[in-house]
file target-v2.cif (mmCIF, C-alpha atoms)
data_my_file
#
loop_
_atom_site.group_PDB
_atom_site.id
_atom_site.type_symbol
_atom_site.label_atom_id
_atom_site.label_comp_id
_atom_site.auth_asym_id
_atom_site.auth_seq_id
_atom_site.Cartn_x
_atom_site.Cartn_y
_atom_site.Cartn_z
ATOM 1 C CA MET F 863 -37.079 18.095 21.130
ATOM 2 C CA THR F 864 -34.555 17.982 18.297
ATOM 3 C CA ILE F 865 -35.227 16.543 14.842
ATOM 4 C CA LEU F 866 -32.169 15.261 12.954
ATOM 5 C CA VAL F 867 -32.369 15.307 9.157
ATOM 6 C CA THR F 868 -30.026 13.152 7.077
ATOM 7 C CA GLY F 869 -29.586 13.738 3.348
ATOM 8 C CA ALA F 870 -29.912 17.377 4.380
ATOM 9 C CA THR F 871 -28.203 18.952 1.374
ATOM 10 C CA GLY F 872 -30.221 16.985 -1.181
ATOM 11 C CA ASN F 873 -33.376 18.240 -2.831
ATOM 12 C CA ILE F 874 -35.825 16.499 -0.506
ATOM 13 C CA GLY F 875 -33.793 16.854 2.685
ATOM 14 C CA ALA F 876 -33.273 20.585 2.209
ATOM 15 C CA GLN F 877 -36.996 21.117 1.627
ATOM 16 C CA VAL F 878 -37.892 19.017 4.670
ATOM 17 C CA ILE F 879 -35.690 21.307 6.759
ATOM 18 C CA GLN F 880 -37.370 24.418 5.376
ATOM 19 C CA HIS F 881 -40.815 23.076 6.270
ATOM 20 C CA LEU F 882 -39.700 22.076 9.773
ATOM 21 C CA VAL F 883 -38.198 25.499 10.425
ATOM 22 C CA LYS F 884 -41.430 27.194 9.311
ATOM 23 C CA HIS F 885 -43.228 25.141 11.962
ATOM 24 C CA GLY F 886 -40.776 26.229 14.656
ATOM 25 C CA ALA F 887 -39.011 22.891 15.060
ATOM 26 C CA ASP F 888 -35.541 22.497 16.563
ATOM 27 C CA VAL F 889 -33.661 21.097 13.555
ATOM 28 C CA ARG F 890 -30.235 19.519 13.253
ATOM 29 C CA ALA F 891 -28.790 18.795 9.779
ATOM 30 C CA LEU F 892 -26.233 16.046 9.156
ATOM 31 C CA VAL F 893 -23.830 17.011 6.344
ATOM 32 C CA ARG F 894 -20.482 15.817 5.069
ATOM 33 C CA ASP F 895 -19.121 19.322 4.474
ATOM 34 C CA PRO F 896 -20.527 22.063 6.741
ATOM 35 C CA SER F 897 -18.857 24.748 4.606
ATOM 36 C CA LYS F 898 -21.304 23.939 1.810
ATOM 37 C CA ALA F 899 -24.389 23.982 4.035
ATOM 38 C CA ASN F 900 -26.963 26.690 3.349
ATOM 39 C CA PHE F 901 -29.896 26.363 5.714
ATOM 40 C CA PRO F 902 -32.359 28.758 7.326
ATOM 41 C CA ALA F 903 -31.301 30.552 10.486
ATOM 42 C CA GLY F 904 -31.543 28.416 13.588
ATOM 43 C CA VAL F 905 -30.630 25.094 11.978
ATOM 44 C CA THR F 906 -27.746 23.357 13.750
ATOM 45 C CA VAL F 907 -25.261 21.859 11.296
ATOM 46 C CA VAL F 908 -23.266 18.786 12.341
ATOM 47 C CA LYS F 909 -20.531 17.141 10.320
ATOM 48 C CA GLY F 910 -20.969 13.446 9.764
ATOM 49 C CA ASP F 911 -21.412 10.534 7.439
ATOM 50 C CA LEU F 912 -23.751 7.547 7.589
ATOM 51 C CA LEU F 913 -20.726 5.224 7.525
ATOM 52 C CA ASP F 914 -18.852 7.174 10.218
ATOM 53 C CA VAL F 915 -20.056 5.552 13.429
ATOM 54 C CA ASP F 916 -18.416 8.029 15.798
ATOM 55 C CA SER F 917 -19.818 11.042 13.962
ATOM 56 C CA LEU F 918 -23.299 9.522 14.020
ATOM 57 C CA ARG F 919 -23.115 8.812 17.737
ATOM 58 C CA SER F 920 -22.262 12.456 18.301
ATOM 59 C CA ALA F 921 -24.967 13.692 15.920
ATOM 60 C CA PHE F 922 -27.604 11.570 17.677
ATOM 61 C CA ASP F 923 -26.960 13.109 21.107
ATOM 62 C CA ASP F 924 -30.174 14.667 22.471
ATOM 63 C CA VAL F 925 -32.107 13.840 19.282
ATOM 64 C CA ALA F 926 -35.714 12.699 19.697
ATOM 65 C CA THR F 927 -36.794 12.329 16.057
ATOM 66 C CA LEU F 928 -34.881 11.115 12.991
ATOM 67 C CA PHE F 929 -35.502 11.582 9.289
ATOM 68 C CA LEU F 930 -33.512 8.887 7.489
ATOM 69 C CA LEU F 931 -32.897 9.411 3.789
ATOM 70 C CA ASN F 932 -30.267 7.325 2.004
ATOM 71 C CA ALA F 933 -28.923 8.133 -1.440
ATOM 72 C CA VAL F 934 -28.873 5.392 -4.086
ATOM 73 C CA VAL F 935 -25.292 4.222 -3.584
ATOM 74 C CA PRO F 936 -23.695 0.746 -3.518
ATOM 75 C CA ASP F 937 -23.613 0.658 0.298
ATOM 76 C CA GLU F 938 -27.046 2.207 0.874
ATOM 77 C CA PHE F 939 -28.268 -0.816 2.863
ATOM 78 C CA THR F 940 -25.254 -0.775 5.175
ATOM 79 C CA GLN F 941 -25.638 2.962 5.767
ATOM 80 C CA ALA F 942 -29.273 2.542 6.770
ATOM 81 C CA LEU F 943 -28.614 -0.353 9.123
ATOM 82 C CA ILE F 944 -25.793 1.478 10.872
ATOM 83 C CA ALA F 945 -27.883 4.614 11.269
ATOM 84 C CA LEU F 946 -30.913 2.753 12.614
ATOM 85 C CA ASN F 947 -28.898 0.618 15.026
ATOM 86 C CA LEU F 948 -27.136 3.683 16.404
ATOM 87 C CA ALA F 949 -30.430 5.580 16.633
ATOM 88 C CA ARG F 950 -31.914 2.706 18.622
ATOM 89 C CA SER F 951 -28.906 2.670 20.943
ATOM 90 C CA ALA F 952 -29.295 6.436 21.414
ATOM 91 C CA GLY F 953 -32.908 5.962 22.483
ATOM 92 C CA ILE F 954 -34.452 7.614 19.413
ATOM 93 C CA GLU F 955 -38.022 6.311 19.189
ATOM 94 C CA ARG F 956 -39.508 8.623 16.578
ATOM 95 C CA ILE F 957 -38.341 7.822 13.044
ATOM 96 C CA VAL F 958 -39.438 8.656 9.504
ATOM 97 C CA TYR F 959 -37.705 6.516 6.863
ATOM 98 C CA LEU F 960 -37.870 7.293 3.143
ATOM 99 C CA SER F 961 -38.293 3.971 1.359
ATOM 100 C CA VAL F 962 -39.928 3.400 -2.051
ATOM 101 C CA ILE F 963 -43.326 2.215 -3.239
ATOM 102 C CA HIS F 964 -43.627 -1.487 -4.132
ATOM 103 C CA ALA F 965 -40.321 -2.279 -2.411
ATOM 104 C CA ASP F 966 -41.810 -5.705 -1.697
ATOM 105 C CA VAL F 967 -42.727 -6.201 -5.384
ATOM 106 C CA TYR F 968 -39.651 -4.913 -7.247
ATOM 107 C CA VAL F 969 -37.548 -7.514 -5.428
ATOM 108 C CA ASN F 970 -34.899 -7.839 -8.170
ATOM 109 C CA VAL F 971 -34.180 -4.091 -8.344
ATOM 110 C CA PRO F 972 -31.137 -3.480 -6.121
ATOM 111 C CA HIS F 973 -32.107 -0.225 -4.446
ATOM 112 C CA PHE F 974 -35.715 -1.371 -3.974
ATOM 113 C CA ALA F 975 -34.596 -4.653 -2.418
ATOM 114 C CA GLY F 976 -32.236 -2.801 -0.071
ATOM 115 C CA LYS F 977 -34.990 -0.481 1.125
ATOM 116 C CA PHE F 978 -37.360 -3.383 1.685
ATOM 117 C CA ALA F 979 -34.726 -5.090 3.838
ATOM 118 C CA VAL F 980 -34.458 -1.895 5.890
ATOM 119 C CA GLU F 981 -38.243 -1.888 6.280
ATOM 120 C CA ARG F 982 -38.073 -5.448 7.587
ATOM 121 C CA MET F 983 -35.433 -4.462 10.131
ATOM 122 C CA ILE F 984 -37.565 -1.565 11.365
ATOM 123 C CA GLU F 985 -40.597 -3.818 11.671
ATOM 124 C CA GLN F 986 -38.932 -6.837 13.248
ATOM 125 C CA MET F 987 -37.047 -4.746 15.799
ATOM 126 C CA GLY F 988 -40.248 -3.000 16.820
ATOM 127 C CA MET F 989 -39.036 0.496 15.996
ATOM 128 C CA ALA F 990 -41.564 3.337 16.180
ATOM 129 C CA ALA F 991 -41.416 4.602 12.616
ATOM 130 C CA THR F 992 -43.283 5.932 9.635
ATOM 131 C CA ILE F 993 -42.141 4.282 6.420
ATOM 132 C CA LEU F 994 -42.802 6.634 3.510
ATOM 133 C CA ARG F 995 -43.018 4.847 0.166
ATOM 134 C CA PRO F 996 -42.800 7.367 -2.689
ATOM 135 C CA ALA F 997 -43.480 6.500 -6.300
ATOM 136 C CA TYR F 998 -41.321 7.769 -9.174
ATOM 137 C CA PHE F 999 -40.170 11.351 -8.591
ATOM 138 C CA ILE F 1000 -41.582 13.728 -11.207
ATOM 139 C CA GLN F 1001 -38.396 15.812 -11.046
ATOM 140 C CA ASN F 1002 -36.346 12.836 -12.256
ATOM 141 C CA ASP F 1003 -37.539 13.897 -15.693
ATOM 142 C CA LEU F 1004 -35.475 17.081 -15.499
ATOM 143 C CA THR F 1005 -32.540 14.875 -16.541
ATOM 144 C CA ILE F 1006 -34.233 14.169 -19.882
ATOM 145 C CA LYS F 1007 -35.577 17.670 -20.527
ATOM 146 C CA ASP F 1008 -33.146 18.269 -23.399
ATOM 147 C CA VAL F 1009 -34.057 14.965 -25.061
ATOM 148 C CA ILE F 1010 -37.718 15.891 -24.947
ATOM 149 C CA THR F 1011 -37.310 19.466 -26.165
ATOM 150 C CA SER F 1012 -34.511 18.911 -28.702
ATOM 151 C CA TYR F 1013 -35.352 15.490 -30.152
ATOM 152 C CA GLY F 1014 -39.106 15.264 -29.613
ATOM 153 C CA VAL F 1015 -38.935 12.000 -27.700
ATOM 154 C CA TYR F 1016 -39.955 11.032 -24.173
ATOM 155 C CA PRO F 1017 -37.378 8.272 -23.532
ATOM 156 C CA MET F 1018 -38.258 6.864 -20.091
ATOM 157 C CA PRO F 1019 -39.487 3.229 -20.282
ATOM 158 C CA VAL F 1020 -42.702 3.975 -18.396
ATOM 159 C CA GLY F 1021 -44.797 1.431 -20.276
ATOM 160 C CA GLU F 1022 -48.553 0.941 -20.392
ATOM 161 C CA LYS F 1023 -49.365 0.006 -16.785
ATOM 162 C CA GLY F 1024 -48.957 3.537 -15.451
ATOM 163 C CA LEU F 1025 -46.863 5.343 -12.847
ATOM 164 C CA ALA F 1026 -48.364 7.485 -10.082
ATOM 165 C CA MET F 1027 -45.529 10.011 -10.325
ATOM 166 C CA ILE F 1028 -45.159 12.433 -7.395
ATOM 167 C CA ASP F 1029 -43.618 15.889 -7.103
ATOM 168 C CA VAL F 1030 -40.633 15.996 -4.728
ATOM 169 C CA ARG F 1031 -42.080 19.133 -3.121
ATOM 170 C CA ASP F 1032 -45.083 17.091 -2.005
ATOM 171 C CA ILE F 1033 -42.789 14.341 -0.691
ATOM 172 C CA ALA F 1034 -40.814 16.832 1.388
ATOM 173 C CA GLU F 1035 -43.892 18.523 2.834
ATOM 174 C CA ILE F 1036 -45.546 15.232 3.781
ATOM 175 C CA ALA F 1037 -42.292 14.002 5.350
ATOM 176 C CA ALA F 1038 -42.006 17.174 7.421
ATOM 177 C CA LEU F 1039 -45.613 16.923 8.606
ATOM 178 C CA GLU F 1040 -45.090 13.298 9.594
ATOM 179 C CA LEU F 1041 -41.893 14.181 11.492
ATOM 180 C CA LEU F 1042 -43.794 16.854 13.376
ATOM 181 C CA ARG F 1043 -46.673 14.480 14.113
ATOM 182 C CA ARG F 1044 -44.305 11.963 15.642
ATOM 183 C CA GLU F 1045 -42.203 14.548 17.453
ATOM 184 C CA GLN F 1046 -45.239 16.189 19.053
ATOM 185 C CA ALA F 1047 -46.966 12.961 20.091
ATOM 186 C CA ALA F 1048 -47.076 12.285 23.835
ATOM 187 C CA GLN F 1049 -45.752 8.759 23.254
ATOM 188 C CA PRO F 1050 -43.863 7.078 20.375
ATOM 189 C CA LEU F 1051 -46.381 6.122 17.711
ATOM 190 C CA PRO F 1052 -46.729 2.638 16.170
ATOM 191 C CA ILE F 1053 -45.191 1.755 12.822
ATOM 192 C CA ILE F 1054 -47.127 2.729 9.702
ATOM 193 C CA ARG F 1055 -46.487 2.684 5.957
ATOM 194 C CA ILE F 1056 -47.679 5.494 3.702
ATOM 195 C CA ASN F 1057 -47.610 5.368 -0.090
ATOM 196 C CA LEU F 1058 -46.629 8.723 -1.589
ATOM 197 C CA VAL F 1059 -48.190 9.086 -5.018
ATOM 198 C CA GLY F 1060 -49.253 11.733 -7.479
ATOM 199 C CA PRO F 1061 -52.846 12.579 -8.425
ATOM 200 C CA GLU F 1062 -52.968 10.276 -11.461
ATOM 201 C CA ALA F 1063 -51.275 7.230 -12.957
ATOM 202 C CA LEU F 1064 -49.686 8.030 -16.321
ATOM 203 C CA THR F 1065 -48.469 5.752 -19.106
ATOM 204 C CA GLY F 1066 -45.594 6.578 -21.419
ATOM 205 C CA ALA F 1067 -48.077 7.626 -24.097
ATOM 206 C CA ASP F 1068 -49.932 9.818 -21.574
ATOM 207 C CA ILE F 1069 -46.739 11.659 -20.655
ATOM 208 C CA ALA F 1070 -45.730 12.165 -24.282
ATOM 209 C CA ALA F 1071 -49.206 13.607 -24.943
ATOM 210 C CA ILE F 1072 -48.808 16.059 -22.057
ATOM 211 C CA TRP F 1073 -45.471 17.253 -23.436
ATOM 212 C CA SER F 1074 -46.981 17.533 -26.929
ATOM 213 C CA GLU F 1075 -49.729 19.790 -25.603
ATOM 214 C CA VAL F 1076 -47.425 21.880 -23.426
ATOM 215 C CA LEU F 1077 -44.781 22.380 -26.122
ATOM 216 C CA GLY F 1078 -47.242 22.735 -28.989
ATOM 217 C CA ARG F 1079 -45.558 20.125 -31.177
ATOM 218 C CA PRO F 1080 -45.484 16.313 -31.385
ATOM 219 C CA ILE F 1081 -43.521 14.462 -28.708
ATOM 220 C CA ASN F 1082 -43.314 10.710 -29.189
ATOM 221 C CA TYR F 1083 -43.004 8.027 -26.535
ATOM 222 C CA GLY F 1084 -39.702 6.203 -27.002
ATOM 223 C CA GLY F 1085 -41.006 2.798 -25.980
ATOM 224 C CA GLY F 1086 -39.730 0.130 -23.658
ATOM 225 C CA ASP F 1087 -36.229 -0.717 -24.879
ATOM 226 C CA THR F 1088 -34.582 -1.074 -21.478
ATOM 227 C CA ALA F 1089 -31.272 -2.279 -22.951
ATOM 228 C CA ALA F 1090 -30.905 0.974 -24.877
ATOM 229 C CA PHE F 1091 -32.062 2.870 -21.784
ATOM 230 C CA GLU F 1092 -29.213 1.314 -19.772
ATOM 231 C CA GLN F 1093 -26.630 2.204 -22.416
ATOM 232 C CA ASN F 1094 -27.799 5.816 -22.524
ATOM 233 C CA LEU F 1095 -27.643 6.105 -18.738
ATOM 234 C CA LYS F 1096 -24.058 4.799 -18.689
ATOM 235 C CA GLN F 1097 -22.993 8.019 -20.394
ATOM 236 C CA PHE F 1098 -23.533 9.990 -17.187
ATOM 237 C CA MET F 1099 -23.765 7.504 -14.295
ATOM 238 C CA PRO F 1100 -21.799 4.461 -13.085
ATOM 239 C CA PRO F 1101 -22.605 1.154 -14.809
ATOM 240 C CA TRP F 1102 -23.998 -0.406 -11.607
ATOM 241 C CA MET F 1103 -26.483 2.456 -11.249
ATOM 242 C CA ALA F 1104 -27.466 2.357 -14.925
ATOM 243 C CA TYR F 1105 -28.196 -1.362 -14.541
ATOM 244 C CA ASP F 1106 -30.210 -0.699 -11.373
ATOM 245 C CA MET F 1107 -32.286 1.857 -13.288
ATOM 246 C CA ARG F 1108 -32.764 -0.617 -16.148
ATOM 247 C CA MET F 1109 -34.123 -3.217 -13.718
ATOM 248 C CA MET F 1110 -36.508 -0.598 -12.347
ATOM 249 C CA GLY F 1111 -37.641 0.263 -15.884
ATOM 250 C CA GLU F 1112 -38.370 -3.385 -16.594
ATOM 251 C CA ARG F 1113 -40.640 -3.519 -13.561
ATOM 252 C CA PHE F 1114 -42.365 -0.352 -14.768
ATOM 253 C CA LEU F 1115 -43.245 -2.293 -17.906
ATOM 254 C CA THR F 1116 -44.460 -5.445 -16.162
ATOM 255 C CA ASP F 1117 -45.997 -4.092 -12.954
ATOM 256 C CA GLY F 1118 -46.390 -0.348 -13.183
ATOM 257 C CA MET F 1119 -46.316 1.827 -10.064
ATOM 258 C CA LEU F 1120 -49.903 2.282 -8.979
ATOM 259 C CA PRO F 1121 -51.481 3.630 -5.798
ATOM 260 C CA ASP F 1122 -53.657 1.649 -3.439
ATOM 261 C CA ASP F 1123 -57.290 2.626 -2.923
ATOM 262 C CA GLY F 1124 -57.509 5.795 -0.866
ATOM 263 C CA ASP F 1125 -53.866 6.870 -1.227
ATOM 264 C CA VAL F 1126 -54.584 10.063 -3.176
ATOM 265 C CA GLU F 1127 -57.402 11.091 -0.860
ATOM 266 C CA ARG F 1128 -55.276 10.451 2.220
ATOM 267 C CA LEU F 1129 -52.407 12.592 0.982
ATOM 268 C CA THR F 1130 -54.730 15.366 -0.153
ATOM 269 C CA THR F 1131 -56.157 15.469 3.350
ATOM 270 C CA VAL F 1132 -52.700 15.573 4.933
ATOM 271 C CA LEU F 1133 -51.581 18.450 2.703
ATOM 272 C CA GLY F 1134 -54.876 20.285 2.791
ATOM 273 C CA ARG F 1135 -54.630 20.860 -0.961
ATOM 274 C CA PRO F 1136 -54.457 18.880 -4.224
ATOM 275 C CA LEU F 1137 -51.290 16.990 -5.089
ATOM 276 C CA ARG F 1138 -49.111 18.613 -7.742
ATOM 277 C CA SER F 1139 -49.567 17.163 -11.225
ATOM 278 C CA TYR F 1140 -47.156 16.092 -13.949
ATOM 279 C CA ARG F 1141 -48.804 18.586 -16.282
ATOM 280 C CA ALA F 1142 -47.942 21.425 -13.902
ATOM 281 C CA PHE F 1143 -44.330 20.193 -13.818
ATOM 282 C CA ALA F 1144 -44.173 20.078 -17.626
ATOM 283 C CA GLN F 1145 -45.564 23.603 -17.852
ATOM 284 C CA GLU F 1146 -43.033 24.913 -15.309
ATOM 285 C CA THR F 1147 -40.184 23.146 -17.087
ATOM 286 C CA ALA F 1148 -41.201 24.376 -20.537
ATOM 287 C CA ALA F 1149 -41.430 27.942 -19.243
ATOM 288 C CA SER F 1150 -37.858 27.732 -17.992
ATOM 289 C CA VAL F 1151 -36.361 26.444 -21.271
#
call {"tool": "encode", "arguments": {"input": "target-v2.cif", "output": "structure tokens"}}
result
Amino acid sequence: MTILVTGATGNIGAQVIQHLVKHGADVRALVRDPSKANFPAGVTVVKGDLLDVDSLRSAFDDVATLFLLNAVVPDEFTQALIALNLARSAGIERIVYLSVIHADVYVNVPHFAGKFAVERMIEQMGMAATILRPAYFIQNDLTIKDVITSYGVYPMPVGEKGLAMIDVRDIAEIAALELLRREQAAQPLPIIRINLVGPEALTGADIAAIWSEVLGRPINYGGGDTAAFEQNLKQFMPPWMAYDMRMMGERFLTDGMLPDDGDVERLTTVLGRPLRSYRAFAQETAASV
């Protein structure tokens, strides 16, 4: 059976494909520009777009299992609904959807609210799916590496509640294993939700302390000024996205992003190894500076 991966050229999608290929899966990658695709041997590349209905219909031919990953874009919700409706019409009954943790809590954050609406569609239409709900991606902090190393400040408005930050490599491996579990099952499996979290919940002060230790000099936590955070983000992303990120930061401060009981143990069992830590990420990043 064929597994179709969307978001195939992104960091997570590309790693999902690598894991699937290692397990001998028949993989098809949906990309906008096949000339830029660089996948392992054996991966079938199909040109398409999540808003191009005809291209999706063609891409879904003979597909049994779908990995749906939507980028944070203004029409993310529409893309997901189109893809899921067309998958249902094509008879695809094995789906893994990448949502976000606390999508039902961060209801005023645009991209969280959109993902939660997609979850509701999957559930109410009785689709056989795994809904993966990752916490904050550790690798998001690569975008602020220079601020940390050059100015001695950790600027993300993480707050004091704590975030169970997860390495994208762990997300990709868990997603691939779940795709294989569904693809290899004798019958389509019932819907489940899985929180994807890191091994510990860290506050802003905790993260600054890790960087201080790794770099051997003081790194200060920048605090929770989300208005300033939005203005800084507008220097390198569209205003709508900077505002979306500000709303997310405000929910970090009020609610945090914490695992449920048993989440860490469940993921450790699935992977057969410990989850990657933020400290390990900081050490890897510092070594590459």
call {"tool": "closest_residue", "arguments": {"input": "target-v2.cif", "among": "F:Leu1041, F:Asn1094, F:Val1030, F:Ile993", "to": "F:His885", "atoms": "only C-alpha atoms"}}
result
F:Leu1041
call {"tool": "residues_around", "arguments": {"input": "target-v2.cif", "residues": "F:Gly872", "least_positions_apart": "6", "cutoff": "10 Å", "atoms": "all atoms listed in the file", "output": "CSV table (one decimal) with C-alpha atoms, in the coordinates of the input"}}
result
chain,number,residue,atom,x,y,z
F,878,VAL,CA,-37.9,19.0,4.7
F,893,VAL,CA,-23.8,17.0,6.3
F,931,LEU,CA,-32.9,9.4,3.8
F,933,ALA,CA,-28.9,8.1,-1.4
call {"tool": "closest_residue", "arguments": {"input": "target-v2.cif", "among": "F:Lys898, F:Val980, F:Val1059, F:Ser917", "to": "F:Thr940", "atoms": "only C-alpha atoms"}}
result
F:Val980
call {"tool": "resolve_selection", "arguments": {"input": "target-v2.cif", "expression": "the PyMOL selection byres ((chain F and resi 999) around 9)", "output": "ChimeraX atom specification"}}
result
/F:996-998,1000-1003,1027-1030,1033
call {"tool": "write_last_selection", "arguments": {"input": "target-v2.cif", "atoms": "C-alpha atoms", "output": "PDB file, in the frame of the given file"}}
result
ATOM      1  CA  PRO F 996     -42.800   7.367  -2.689  1.00  0.00           C
ATOM      2  CA  ALA F 997     -43.480   6.500  -6.300  1.00  0.00           C
ATOM      3  CA  TYR F 998     -41.321   7.769  -9.174  1.00  0.00           C
ATOM      4  CA  ILE F1000     -41.582  13.728 -11.207  1.00  0.00           C
ATOM      5  CA  GLN F1001     -38.396  15.812 -11.046  1.00  0.00           C
ATOM      6  CA  ASN F1002     -36.346  12.836 -12.256  1.00  0.00           C
ATOM      7  CA  ASP F1003     -37.539  13.897 -15.693  1.00  0.00           C
ATOM      8  CA  MET F1027     -45.529  10.011 -10.325  1.00  0.00           C
ATOM      9  CA  ILE F1028     -45.159  12.433  -7.395  1.00  0.00           C
ATOM     10  CA  ASP F1029     -43.618  15.889  -7.103  1.00  0.00           C
ATOM     11  CA  VAL F1030     -40.633  15.996  -4.728  1.00  0.00           C
ATOM     12  CA  ILE F1033     -42.789  14.341  -0.691  1.00  0.00           C
TER      13      ILE F1033
END
call {"tool": "atom_distance", "arguments": {"input": "target-v2.cif", "atom1": "atom CA of F:Gln941", "atom2": "atom CA of F:Gly1111"}}
result
24.9 Å
call {"tool": "closest_residue", "arguments": {"input": "target-v2.cif", "among": "F:Ala991, F:Leu912, F:Ile1006, F:Ala899", "to": "F:Arg1043", "atoms": "all atoms listed in the file"}}
result
F:Ala991
call {"tool": "atom_distance", "arguments": {"input": "target-v2.cif", "atom1": "atom CA of F:Asp1087", "atom2": "atom CA of F:Asp1008"}}
result
19.3 Å
call {"tool": "residues_around", "arguments": {"input": "target-v2.cif", "residues": "F:Ala965", "least_positions_apart": "5", "cutoff": "7 Å", "atoms": "all atoms listed in the file", "output": "CSV table (one decimal) with C-alpha atoms, keeping the file's coordinate frame"}}
result
chain,number,residue,atom,x,y,z
F,974,PHE,CA,-35.7,-1.4,-4.0
F,975,ALA,CA,-34.6,-4.7,-2.4
F,977,LYS,CA,-35.0,-0.5,1.1
F,978,PHE,CA,-37.4,-3.4,1.7
call {"tool": "atom_distance", "arguments": {"input": "target-v2.cif", "atom1": "atom CA of F:Phe1091", "atom2": "atom CA of F:Pro972"}}
result
16.9 Å
call {"tool": "resolve_selection", "arguments": {"input": "target-v2.cif", "expression": "the PyMOL selection byres ((chain F and resi 1063-1076) around 6)", "output": "PDB file with C-alpha atoms, in the coordinates of the input"}}
result
ATOM      1  CA  TYR F1016     -39.955  11.032 -24.173  1.00  0.00           C
ATOM      2  CA  VAL F1020     -42.702   3.975 -18.396  1.00  0.00           C
ATOM      3  CA  GLY F1021     -44.797   1.431 -20.276  1.00  0.00           C
ATOM      4  CA  GLU F1022     -48.553   0.941 -20.392  1.00  0.00           C
ATOM      5  CA  GLY F1024     -48.957   3.537 -15.451  1.00  0.00           C
ATOM      6  CA  LEU F1025     -46.863   5.343 -12.847  1.00  0.00           C
ATOM      7  CA  ALA F1026     -48.364   7.485 -10.082  1.00  0.00           C
ATOM      8  CA  GLU F1062     -52.968  10.276 -11.461  1.00  0.00           C
ATOM      9  CA  LEU F1077     -44.781  22.380 -26.122  1.00  0.00           C
ATOM     10  CA  GLY F1078     -47.242  22.735 -28.989  1.00  0.00           C
ATOM     11  CA  ARG F1079     -45.558  20.125 -31.177  1.00  0.00           C
ATOM     12  CA  PRO F1080     -45.484  16.313 -31.385  1.00  0.00           C
ATOM     13  CA  ILE F1081     -43.521  14.462 -28.708  1.00  0.00           C
ATOM     14  CA  ASN F1082     -43.314  10.710 -29.189  1.00  0.00           C
ATOM     15  CA  TYR F1083     -43.004   8.027 -26.535  1.00  0.00           C
TER      16      TYR F1083
END
call {"tool": "resolve_selection", "arguments": {"input": "target-v2.cif", "expression": "the PyMOL selection byres ((chain F and resi 901) around 8)", "output": "compact mmCIF listing (two decimals) with C-alpha atoms, in the coordinates of the input"}}
result
# COMPACT_ATOMS: atom_id res chain seq x y z
CA ALA F 876 -33.27 20.58 2.21
CA ILE F 879 -35.69 21.31 6.76
CA GLN F 880 -37.37 24.42 5.38
CA ALA F 899 -24.39 23.98 4.04
CA ASN F 900 -26.96 26.69 3.35
CA PRO F 902 -32.36 28.76 7.33
CA ALA F 903 -31.30 30.55 10.49
CA VAL F 905 -30.63 25.09 11.98
call {"tool": "closest_residue", "arguments": {"input": "target-v2.cif", "among": "F:Asp914, F:His964, F:Glu1035, F:Val1015", "to": "F:Asn873", "atoms": "only C-alpha atoms"}}
result
F:Glu1035
call {"tool": "residues_around", "arguments": {"input": "target-v2.cif", "residues": "F:Asp895", "least_positions_apart": "5", "cutoff": "9 Å", "atoms": "only C-alpha atoms", "output": "PyMOL selection string"}}
result
chain F and resi 908-910
call {"tool": "residues_around", "arguments": {"input": "target-v2.cif", "residues": "F:Ala1034", "least_positions_apart": "4", "cutoff": "8 Å", "atoms": "all atoms listed in the file", "output": "MDAnalysis selection string"}}
result
chainID F and resid 874:875 877:878 881 1030 1038
call {"tool": "residues_around", "arguments": {"input": "target-v2.cif", "residues": "F:Leu882", "least_positions_apart": "6", "cutoff": "8 Å", "atoms": "only C-alpha atoms", "output": "PDB file with C-alpha atoms, in the frame of the given file"}}
result
ATOM      1  CA  ASP F 888     -35.541  22.497  16.563  1.00  0.00           C
ATOM      2  CA  VAL F 889     -33.661  21.097  13.555  1.00  0.00           C
ATOM      3  CA  ALA F1038     -42.006  17.174   7.421  1.00  0.00           C
ATOM      4  CA  LEU F1039     -45.613  16.923   8.606  1.00  0.00           C
ATOM      5  CA  LEU F1042     -43.794  16.854  13.376  1.00  0.00           C
TER       6      LEU F1042
END
call {"tool": "closest_residue", "arguments": {"input": "target-v2.cif", "among": "F:Asp937, F:Glu985, F:Asp916, F:Glu1092", "to": "F:Arg1108", "atoms": "all atoms listed in the file"}}
result
F:Glu1092
call {"tool": "closest_residue", "arguments": {"input": "target-v2.cif", "among": "F:Ala1142, F:Ala1048, F:Ala1089, F:Val967", "to": "F:Arg1113", "atoms": "all atoms listed in the file"}}
result
F:Val967
call {"tool": "build_atoms", "arguments": {"input": "target-v2.cif", "residues": "stretch 894-900 of chain F", "atoms": "N, CA and C atoms", "output": "JSON list (two decimals), keeping the file's coordinate frame"}}
result
[["chain", "number", "residue", "atom", "x", "y", "z"],
["F", 894, "ARG", "N", -21.88, 16.21, 5.16],
["F", 894, "ARG", "CA", -20.48, 15.82, 5.07],
["F", 894, "ARG", "C", -19.55, 17.03, 5.15],
["F", 895, "ASP", "N", -19.96, 18.13, 4.54],
["F", 895, "ASP", "CA", -19.12, 19.32, 4.47],
["F", 895, "ASP", "C", -19.91, 20.54, 4.95],
["F", 896, "PRO", "N", -19.76, 20.92, 6.22],
["F", 896, "PRO", "CA", -20.53, 22.06, 6.74],
["F", 896, "PRO", "C", -20.29, 23.36, 5.98],
["F", 897, "SER", "N", -19.13, 23.51, 5.32],
["F", 897, "SER", "CA", -18.86, 24.75, 4.61],
["F", 897, "SER", "C", -19.79, 24.95, 3.41],
["F", 898, "LYS", "N", -20.40, 23.85, 2.95],
["F", 898, "LYS", "CA", -21.30, 23.94, 1.81],
["F", 898, "LYS", "C", -22.77, 24.00, 2.23],
["F", 899, "ALA", "N", -23.02, 23.98, 3.54],
["F", 899, "ALA", "CA", -24.39, 23.98, 4.04],
["F", 899, "ALA", "C", -25.00, 25.37, 3.91],
["F", 900, "ASN", "N", -26.25, 25.43, 3.49],
["F", 900, "ASN", "CA", -26.96, 26.69, 3.35],
["F", 900, "ASN", "C", -28.40, 26.49, 3.81]]
